[in-house]
Structures are given as structure tokens and as C-alpha cells.
Amino acid sequence: MTDLIAQNKNNAFFSPGYDIVIDILPENDFYFGCIIEQGMSVYHLSRVFEVDLESIYSLNNLDPMQTINQGEVIKVPIDKNKVIFNPNFRTDIHPHISLYYKVKKGETLYRIAKEYLNADTESLLKINRKQTPELKDGEKLLVGWLLLNDNKKPGTKLAENTKAVKIVPVLKPKEMFVTINDIPEKEVKVKETVVPTKIKWITSNVIAMWDRKNYVIKSLFVLHNEARIGSSMDIYFPMLKKHVKAKVLGRIPEGTYKEDINLFVSPGVARELGIRDARFMVNIKYEM
């Protein structure tokens, strides 16, 4: 069985210096098996390793609505085009994850280099500091590196994600009846125009969360610290291209969730969007 990724209990987001052991699919594509721990999600895996959610769901025969339990193993495909295979790569200055391959019985250095890596054997020997091409069953070979980009990490504050602010004037005509002094019996219908009220519309990408334990709740509502309470919020989940409107019921209780959580949605909203991870990224539009 393939060795699984070594995971730091205090960091579910794969910090620089991680070593992972990958395996090969029938088409000679790379993947690694990841043990899901508390705080991890398929969305985070897709962000760190720059693969789309659909690829992960497809490789694991998962339904987006299916719940992933802690301790399950999820296969994550790795794009070979993003793997750095250069003996001169500066591991001391570039944040990265090291990729290793566990040699199987009968495999040769030549086969691994040519078929799996499309590289020359000399370079493979060099990055592994090997003098000879002989391999042992179960030996771990370094086969490249994946760059880690800090800009890919989720959890950016709301203000930094804000895309646009639109000021929309709203006229509220109000009808009223007044009595003319000269003709007390006669009422004249007059129209009064109220001064326009300005509504700020905010469009933003945020990290959201929901309670998977109460999945049966069907009501569509959200908690948000800036949206006008009682208003309607537009929520769009780009991964599945699904959209829903929900009512803003109130604010997120202080200290309840991590600081990067900017939106709490009801199970009904999560179900409409096809969400299965506890944490996820959505695009929202709301009024203040």
C-alpha cells in the first residue's frame, strides 16, 4: 500500500518542507493518498496542490454531497507539468513540498525516469545523490518538488477580497393625503418624493462554514458581520457553479469560529450549493 502523506497535527495546510510519497496511476499520472484530519477539506487540498475539485471527486468516485469522515484516505492527482525536476532547484530559498516515489519490485531507474518522469537517468541519480542505478524494493526516490505559493492560502480577510462597491440610489415615492384649508371637505391626493436612500452593494470572496451535524435543516439563512440584517444575500459556489439566495439573520458570535471565517450558512444553503466540506470558498453579494 502506498505510504501516506506525513501530516503535522497542528497544520492541515501543508507547510514548506513536507515530504509526501506519491504513487502512479495506470496512465502513469501521479497521485498521493492523504489521510483526512480535523480541519482538512477537499477544497483545501485542491487549493494547495492546484487541482480542481472535480478531478479529486472523479478519482475517488465521490459524490460532492457525500460526507468525508476523519481518517479517510483521499487520492489527490498531481499535475506533472507543475512538478519541478531540476537538479539545480534551490530548495533553501523556494517554499516547496518534496515528492518521493516508493520503488516497486522489478522497477528500474531507467523505467522510472523515462516512463514516469520523462527525464534522463543522470538527473534522477543526481537529485538523489546516488552513484549507481541499482534500486531496492521499497526504496524511496526523490522525483521532484511542488512549489508552495503563500498567495494560494485561504483565509484572506474580507476587506482584502472585496471586488467592487456599487452605490445604488433608491427612490421611495410615498403617497399621502392632505386637507386644503380653503376646501375642508375636499381631499387632494399629493405625491411626496423622499430624498434618495443610498444602498452599498458589496461583492466579495469569503471563507464560509456550516454545521454538518444539522443537515436536516432546510431554511435558507446566513450569519454575517457586515450585511444588513433582514436583507437577502446572493451566494455563488464557483466550483459547482451553483447559486442561492439566503436571508441575513444576524451576526457571527464573537470567538465562535476562526478569524478567517467570514460567513456562516445554514445546512439548507449548503445543500442547495452542493457543499460537502465544513469550510469552503464562495462569492457573495450583499447590501450594507
# chains A, B, ... in the order shown; residues from 1 in each chain; ligands from 1
$ select_by_dssp --residues "region 37-109 of chain A" --states "helix (DSSP H, G or I)" --output "number ranges by chain"
A: 42-48, 53-59, 80-82, 109
$ residues_around --residues "Val76 (chain A)" --least-positions-apart "6" --cutoff "12 Å" --atoms "only C-alpha atoms" --output "ChimeraX atom specification"
/A:4-5,20-25,29-36,41-60
$ write_last_selection --atoms "N, CA and C atoms" --output "short mmCIF file (atom, residue, chain, number, x, y, z; two decimals), in the first residue's frame"
data_model
loop_
_atom_site.label_atom_id
_atom_site.label_comp_id
_atom_site.auth_asym_id
_atom_site.auth_seq_id
_atom_site.Cartn_x
_atom_site.Cartn_y
_atom_site.Cartn_z
N LEU A 4 1.34 7.11 3.03
CA LEU A 4 0.50 8.29 3.04
C LEU A 4 1.31 9.50 3.45
N ILE A 5 0.76 10.63 3.14
CA ILE A 5 1.46 11.88 3.44
C ILE A 5 1.66 12.03 4.94
N ILE A 20 6.09 14.09 0.77
CA ILE A 20 4.98 13.19 0.51
C ILE A 20 5.43 12.08 -0.42
N VAL A 21 4.83 10.92 -0.26
CA VAL A 21 5.14 9.76 -1.10
C VAL A 21 4.00 9.58 -2.09
N ILE A 22 4.32 9.70 -3.36
CA ILE A 22 3.30 9.61 -4.40
C ILE A 22 3.25 8.20 -4.97
N ASP A 23 2.24 7.93 -5.76
CA ASP A 23 2.14 6.66 -6.47
C ASP A 23 1.73 6.96 -7.90
N ILE A 24 1.66 5.91 -8.71
CA ILE A 24 1.41 6.06 -10.14
C ILE A 24 0.06 5.45 -10.51
N LEU A 25 -0.73 6.18 -11.30
CA LEU A 25 -1.97 5.66 -11.84
C LEU A 25 -1.68 4.85 -13.11
N ASP A 29 0.14 8.75 -14.47
CA ASP A 29 -0.05 10.04 -13.80
C ASP A 29 0.24 9.88 -12.31
N PHE A 30 0.62 11.00 -11.66
CA PHE A 30 0.94 10.99 -10.24
C PHE A 30 -0.32 11.21 -9.39
N TYR A 31 -0.31 10.64 -8.20
CA TYR A 31 -1.29 10.99 -7.18
C TYR A 31 -0.68 10.67 -5.82
N PHE A 32 -1.24 11.24 -4.77
CA PHE A 32 -0.85 10.81 -3.43
C PHE A 32 -2.09 10.62 -2.58
N GLY A 33 -1.98 9.73 -1.60
CA GLY A 33 -3.10 9.48 -0.70
C GLY A 33 -2.96 10.32 0.54
N CYS A 34 -4.01 11.06 0.88
CA CYS A 34 -3.97 11.95 2.05
C CYS A 34 -4.98 11.50 3.09
N ILE A 35 -4.53 11.33 4.32
CA ILE A 35 -5.44 11.00 5.42
C ILE A 35 -6.14 12.28 5.87
N ILE A 36 -7.45 12.30 5.79
CA ILE A 36 -8.21 13.48 6.18
C ILE A 36 -8.21 13.61 7.70
N SER A 41 -10.02 19.68 4.26
CA SER A 41 -11.16 19.55 3.36
C SER A 41 -10.66 19.33 1.95
N VAL A 42 -11.53 18.82 1.10
CA VAL A 42 -11.18 18.62 -0.30
C VAL A 42 -10.85 19.96 -0.95
N TYR A 43 -11.56 21.00 -0.53
CA TYR A 43 -11.31 22.33 -1.09
C TYR A 43 -9.87 22.78 -0.80
N HIS A 44 -9.40 22.59 0.43
CA HIS A 44 -8.04 22.99 0.78
C HIS A 44 -7.01 22.20 -0.01
N LEU A 45 -7.26 20.90 -0.20
CA LEU A 45 -6.34 20.08 -0.99
C LEU A 45 -6.26 20.60 -2.42
N SER A 46 -7.41 20.97 -2.97
CA SER A 46 -7.42 21.47 -4.34
C SER A 46 -6.67 22.79 -4.46
N ARG A 47 -6.73 23.62 -3.41
CA ARG A 47 -6.03 24.91 -3.43
C ARG A 47 -4.52 24.72 -3.32
N VAL A 48 -4.09 23.91 -2.37
CA VAL A 48 -2.65 23.73 -2.14
C VAL A 48 -1.97 23.09 -3.33
N PHE A 49 -2.62 22.07 -3.91
CA PHE A 49 -1.99 21.33 -5.00
C PHE A 49 -2.48 21.75 -6.38
N GLU A 50 -3.26 22.82 -6.41
CA GLU A 50 -3.69 23.44 -7.67
C GLU A 50 -4.35 22.45 -8.63
N VAL A 51 -5.31 21.71 -8.10
CA VAL A 51 -6.12 20.82 -8.94
C VAL A 51 -7.58 21.15 -8.69
N ASP A 52 -8.43 20.95 -9.69
CA ASP A 52 -9.84 21.29 -9.50
C ASP A 52 -10.55 20.22 -8.68
N LEU A 53 -11.61 20.64 -8.02
CA LEU A 53 -12.36 19.74 -7.16
C LEU A 53 -12.93 18.55 -7.93
N GLU A 54 -13.38 18.81 -9.17
CA GLU A 54 -13.98 17.74 -9.96
C GLU A 54 -13.00 16.59 -10.17
N SER A 55 -11.71 16.91 -10.35
CA SER A 55 -10.69 15.87 -10.57
C SER A 55 -10.55 14.98 -9.33
N ILE A 56 -10.59 15.60 -8.15
CA ILE A 56 -10.47 14.83 -6.91
C ILE A 56 -11.71 13.95 -6.72
N TYR A 57 -12.90 14.54 -6.93
CA TYR A 57 -14.13 13.76 -6.79
C TYR A 57 -14.14 12.58 -7.76
N SER A 58 -13.72 12.83 -9.00
CA SER A 58 -13.73 11.79 -10.03
C SER A 58 -12.76 10.65 -9.70
N LEU A 59 -11.54 11.01 -9.29
CA LEU A 59 -10.53 10.00 -8.98
C LEU A 59 -10.95 9.10 -7.83
N ASN A 60 -11.71 9.67 -6.88
CA ASN A 60 -12.13 8.92 -5.70
C ASN A 60 -13.55 8.38 -5.79
#
$ atom_distance --atom1 "CA of Val73 (chain A)" --atom2 "CA of Ala208 (chain A)"
23.9 Å
$ residues_around --residues "Asn262 (chain A)" --least-positions-apart "4" --cutoff "7 Å" --atoms "only C-alpha atoms" --output "list in words"
Leu158, Val206, Ile207, Ala208 and His224 of chain A
$ residues_around --residues "region 17-19 of chain A" --least-positions-apart "5" --cutoff "7 Å" --atoms "only C-alpha atoms" --output "ChimeraX atom specification"
/A:6,96-99
$ residues_around --residues "His94 (chain A)" --least-positions-apart "6" --cutoff "9 Å" --atoms "only C-alpha atoms" --output "list in words"
Pro16, Leu147 and Leu148 of chain A
$ write_last_selection --atoms "C-alpha atoms" --output "short mmCIF file (atom, residue, chain, number, x, y, z; two decimals), in the first residue's frame"
data_model
loop_
_atom_site.label_atom_id
_atom_site.label_comp_id
_atom_site.auth_asym_id
_atom_site.auth_seq_id
_atom_site.Cartn_x
_atom_site.Cartn_y
_atom_site.Cartn_z
CA PRO A 16 7.06 24.18 3.37
CA LEU A 147 6.21 24.98 -5.21
CA LEU A 148 4.10 26.37 -2.39
#
$ atom_distance --atom1 "CA of Thr91 (chain A)" --atom2 "CA of Tyr116 (chain A)"
22.2 Å
$ residues_around --residues "Leu220 (chain A)" --least-positions-apart "3" --cutoff "12 Å" --atoms "only C-alpha atoms" --output "list in words"
Trp210, Val216, Ile217, Leu223, Ser232, Met233, Asp234, Ile235, Val244, Lys245, Ala246, Lys247, Val248, Leu249, Phe264, Val265, Ser266, Pro267, Gly268, Val269, Ala270, Arg271, Glu272 and Leu273 of chain A
$ write_last_selection --atoms "N, CA and C atoms" --output "tab-separated table (two decimals), in the first residue's frame"
chain	number	residue	atom	x	y	z
A	210	TRP	N	-20.37	25.75	7.72
A	210	TRP	CA	-21.72	25.31	8.10
A	210	TRP	C	-21.62	24.13	9.05
A	216	VAL	N	-30.47	18.26	8.37
A	216	VAL	CA	-31.90	18.19	8.03
A	216	VAL	C	-32.54	19.57	7.94
A	217	ILE	N	-31.91	20.60	8.49
A	217	ILE	CA	-32.48	21.95	8.46
A	217	ILE	C	-32.56	22.44	7.02
A	223	LEU	N	-25.34	33.97	8.64
A	223	LEU	CA	-24.87	34.93	9.64
A	223	LEU	C	-23.67	35.64	9.04
A	232	SER	N	-31.40	40.21	1.86
A	232	SER	CA	-31.14	38.96	1.15
A	232	SER	C	-29.72	38.97	0.61
A	233	MET	N	-29.00	37.86	0.76
A	233	MET	CA	-27.62	37.75	0.28
A	233	MET	C	-27.57	36.77	-0.88
A	234	ASP	N	-26.86	37.16	-1.95
A	234	ASP	CA	-26.61	36.25	-3.07
A	234	ASP	C	-25.33	35.46	-2.79
A	235	ILE	N	-25.38	34.15	-2.92
A	235	ILE	CA	-24.22	33.29	-2.65
A	235	ILE	C	-23.97	32.42	-3.87
A	244	VAL	N	-27.50	30.57	-4.83
A	244	VAL	CA	-28.67	30.55	-3.96
A	244	VAL	C	-28.79	31.91	-3.27
A	245	LYS	N	-30.02	32.28	-2.90
A	245	LYS	CA	-30.28	33.48	-2.11
A	245	LYS	C	-30.66	33.06	-0.70
A	246	ALA	N	-30.17	33.80	0.28
A	246	ALA	CA	-30.48	33.46	1.67
A	246	ALA	C	-30.68	34.74	2.48
A	247	LYS	N	-31.46	34.63	3.54
A	247	LYS	CA	-31.74	35.78	4.40
A	247	LYS	C	-30.66	35.95	5.45
A	248	VAL	N	-30.27	37.20	5.68
A	248	VAL	CA	-29.27	37.52	6.72
A	248	VAL	C	-30.00	37.62	8.06
A	249	LEU	N	-29.78	36.62	8.93
A	249	LEU	CA	-30.49	36.58	10.21
A	249	LEU	C	-29.78	37.35	11.31
A	264	PHE	N	-21.32	32.28	7.95
A	264	PHE	CA	-21.87	31.00	8.44
A	264	PHE	C	-23.18	30.78	7.71
A	265	VAL	N	-23.33	29.62	7.07
A	265	VAL	CA	-24.55	29.34	6.30
A	265	VAL	C	-25.31	28.19	6.93
A	266	SER	N	-26.60	28.18	6.71
A	266	SER	CA	-27.44	27.10	7.23
A	266	SER	C	-27.23	25.84	6.40
A	267	PRO	N	-27.56	24.67	6.97
A	267	PRO	CA	-27.45	23.43	6.21
A	267	PRO	C	-28.26	23.46	4.92
A	268	GLY	N	-29.38	24.19	4.94
A	268	GLY	CA	-30.19	24.31	3.73
A	268	GLY	C	-29.44	25.00	2.62
A	269	VAL	N	-28.69	26.06	2.96
A	269	VAL	CA	-27.87	26.77	1.96
A	269	VAL	C	-26.78	25.85	1.44
A	270	ALA	N	-26.11	25.14	2.36
A	270	ALA	CA	-25.03	24.23	1.96
A	270	ALA	C	-25.56	23.16	1.01
A	271	ARG	N	-26.75	22.66	1.30
A	271	ARG	CA	-27.33	21.61	0.45
A	271	ARG	C	-27.65	22.16	-0.94
A	272	GLU	N	-28.20	23.37	-1.01
A	272	GLU	CA	-28.53	23.97	-2.30
A	272	GLU	C	-27.28	24.20	-3.15
A	273	LEU	N	-26.16	24.50	-2.50
A	273	LEU	CA	-24.91	24.77	-3.22
A	273	LEU	C	-24.12	23.50	-3.53
